[in-house]
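*Asks:* Before I ask anything, here is the structure I am working with.
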Amino acid sequence: MKITDLMIREAMIMDLQATTKDEAIDELIASLNRSGRINDPVLFKEMIYKREAESSTGIGGGIAMPHAKTKAVNEPTVVFAKSSKGLYFEALDDQPAHIFFMIAAPEGAGNTHLRTLAALSRLLVDSDFISELMNTNTPQEVSALFDAKQAEAAEKEAEKEKAKAEKEAQGAGVSSSANNVKSNAGVIVGNANSEDFVVAVTACPTGIAHTYMAEDALKKKAQEMGINIRVETNGSEGAQNVLTADEIARAKGVIVAADKNVEMDRFDGKPVLQRPVSDGIRKSEELIRKAVNGDAPIYRSQGGSSKGEAASAGKMSVGSKIYKDLMNGISHMLPFVVGGGILLAISFLFEQIASPDNPIVKLLQTIGGGDGAFHFLIPVLAGFIAMSIGDRPALMPGMVGGLMAVNSNAGFLGGLAAGFLAGYVILGLRKALKGLPKAIDGLKPILIYPVLGLLIVGAIAYYIFDPIFGSLNTWLVDALGNLGTGNKVLLGLLLGGMMAIDMGGPFNKAAYTFAIGVFTSSGNTDGAWMAAVMAGGMAPPLAIALATTFFKSKFTEQERKSGLTNYVLGLSFITEGAIPFAAADPLRVLTSCIIGSAVAGGLTQLWSINVPAPHGGIFVAALANHALLFLLAVAIGSVVSGLILGLWKKAPTLVK
């Protein structure tokens, strides 16, 4: 496929009018939208900014490549734009950007499209080519330049393949008369006679552009320096040209130019430079020189970590680290909550129709309830909190600590404590046993850490955590049960509002986690706080849907279409459906949603509503002790938010 098959002429902007980064992004998105290549500009813009938050796509040298891979894209497309004056795009070299490529890739982009985008990215490392692009005046000239450049690259590649085949046929192997070795995928690049050899891995969050630009920059610079290099890319197609164990062993150093996690255990004992992918593009010479000289920290495997997270954990604040560890536990626990909760909800419905002794009721309650999925909630939570801190050796003691919390009535709070305890116990053991002979290193993760970790965590949980948190848990459940109506309404307002503050972020998860803790600690019977968070979480997407339906002039056509899907998302208790709208207009959307969600949560407590299911939205409403009042609370909260948003929001202004 030719690059110009994706870079359609009618979408090109030869004289970009924008003077700021935000204006440039809007102008490029508008061009995509006009050409029918995207179906949801709001979502696409959100994903563009999400990528920008990872690191600027202003790669320097006058180039910016904002890009996103999302379901908002109909067809893979590249919008070319040129600004004669240039504009500040937060580029890596802090210089103005003149050439822009906005890459739009659908979630299901095929390998051919991804390879074409990779080929585009590699071309942009060539400064001469960029100069030629700057001198173009029409879309036709841009297309012709890319076609010629791609044809030239294909011709050179064909000549290399032909020469290689001829030499192999003659039994000559790699040419002894040519210094440079073939630079295509899977082959070492550099100087055939050089003993200096390094390996590298490149990766960016979306795996579309920077991954391949860093690969090409490292290869070209290694070739200039006369150093052999092998580069593995972790792009949209997955890991390509994967480094072999022999290559890693022979390498003098390792370069990991990545903005996402890559497999790190294989580099144990090697000098490893861990840098942003942008350094692979802009600082390739520095990285290669340091790798060749072994001027890098020796990487040590963290007892089973496959993602190299431990190496970067120290750069996080304490609060961020605790939140990351907690979210790791909650994200792994949620499938048990959702799966078990829905089956429990269905069993309650059958129980009302049939009887508690009905075989279907018993089956569903066994699978989803305390003997099935729900039995694992706290152990899984604790285990994966521990694993986030201490990697795989911490998983087992964390899970056992969580199970002990369940069996001793320490409950949710005891499980949280056990998870953090297990993670830090393993970290402590690593430090304490660091001086042991290397001959027994292999025994640490399979014998020493499991036995000592389990013993220490189990003893502390048995003698300290379980009694303390058991008493605290009992007091908390009793205290919540004895709250007066006024205090219940206040807590309901707080929990409902928190569900809308960040729609899936820390506040949302804190409120939901609190409700789950009370729910599980009460034997899955006290669903008062589940009612508050469920109503609060359902209101934002429903409010968006109502506002886009009844205040149509305040929203674009694409926003109105997206708004319709929020009816389904809201009824299903999927708060995240409102995120694209909040990202586009945070002040109005978040403020209105928080107010409506707080009203919905407070009403559930005013009317003493109990929902004995942790998930499901409208599909478990029939289980509430006051089902109609629960639906009324959700409806009132949604209407309040929808009215505030619809009246407050300004009509959209079209991008010219």
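Chain labels follow the order of the structure tokens: the first chain is A, the next B, and so on; residue numbering restarts at 1 in every chain, and ligands are counted from 1 in their shown order.
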Any idea what's packed within 12 Å of stretch 17-26 of chain A, counting only C-alpha atoms, ignoring anything in its chain fewer than 3 positions away? Could you give it as JSON, numbers by chain?
*Replies:* {"A": [13, 14, 29, 30, 31, 32, 33, 41, 42, 44, 45, 46, 47, 48, 49, 52, 56, 57, 58, 64, 65, 66, 67, 68, 79, 80, 81, 82, 83, 84, 85, 86, 87, 88, 89, 90, 91, 96, 97, 98, 99, 100, 101, 102, 103, 584, 653, 654, 655, 656]}
*Asks:* Within 12 Å of A:Ala582, counting only C-alpha atoms, which residues show up once you throw out same-chain ones fewer than 2 positions away? Write them as a PyMOL selection string, please.
*Replies:* chain A and resi 42-43+45-46+500-503+540-541+543-544+559+575-580+584-594+645+649
*Asks:* Do a neighbour search on stretch 285-296 of chain A at 10 Å with only C-alpha atoms, toss out local chain neighbours closer than 4 positions, and write the hits as a PyMOL selection string.
*Replies:* chain A and resi 196-200+217-222+224-225+227-229+251-257+270-275+279-281
*Asks:* Would you return as an NGL selection string the members of stretch 215-440 of chain A that DSSP assigns to strand (DSSP E) on this structure's backbone?
*Replies:* :A and (228-235 or 238-240 or 253-258 or 272-275)
*Asks:* Between atom CA of A:Ala104 and atom CA of A:Thr211, what is the distance, to one decimal in Å?
*Replies:*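 The value is 16.0 Å.
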*Asks:* As an exercise, work out the distance from atom CA of A:Ala119 to atom CA of A:Met7 in Å and give it to one decimal place.
*Replies:*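 Straight-line distance from atom CA of A:Ala119 to atom CA of A:Met7 works out to 12.7 Å.
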*Asks:* Can you list, as a PyMOL selection string, all residues belonging to stretch 199-398 of chain A that DSSP tags as alpha helix (DSSP H)?
*Replies:* chain A and resi 210-225+245-250+277-282+284-292+309-313+318-353+359-368+377-390+395-398
*Asks:* Considering only C-alpha atoms, return as a PDB file with N, CA and C atoms, in the first residue's frame whatever protein or nucleic-acid residues lie within 6 Å of A:Leu603, sequence-local ones (same chain, fewer than 3 positions apart) excluded.
*Replies:*
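What ended up in selection_5.pdb:
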```
ATOM      1  N   ALA A 600     -29.057  12.313  43.191  1.00  0.00           N
ATOM      2  CA  ALA A 600     -29.507  10.917  43.058  1.00  0.00           C
ATOM      3  C   ALA A 600     -29.051  10.087  44.254  1.00  0.00           C
ATOM      4  N   LEU A 606     -32.504   9.137  51.501  1.00  0.00           N
ATOM      5  CA  LEU A 606     -33.720   9.759  52.040  1.00  0.00           C
ATOM      6  C   LEU A 606     -34.880   8.774  52.001  1.00  0.00           C
ATOM      7  N   ALA A 633     -35.077   8.091  41.764  1.00  0.00           N
ATOM      8  CA  ALA A 633     -33.880   8.819  42.220  1.00  0.00           C
ATOM      9  C   ALA A 633     -32.902   9.007  41.065  1.00  0.00           C
TER      10      ALA A 633
END
```
*Asks:* So, with only C-alpha atoms as the atoms that count, which of A:Ile516, A:Val611, A:Met404, A:Met396 lies closest to A:Ile446?
*Replies:*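 Looking at the shortest contact to A:Ile446, the residue is A:Met396.
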*Asks:* Compile the contact shell of A:Asp128 as a PyMOL selection string: residues with an atom at most 12 Å away, counting only C-alpha atoms, same-chain residues fewer than 5 positions apart removed.
*Replies:* chain A and resi 61+123+133-135+145+149
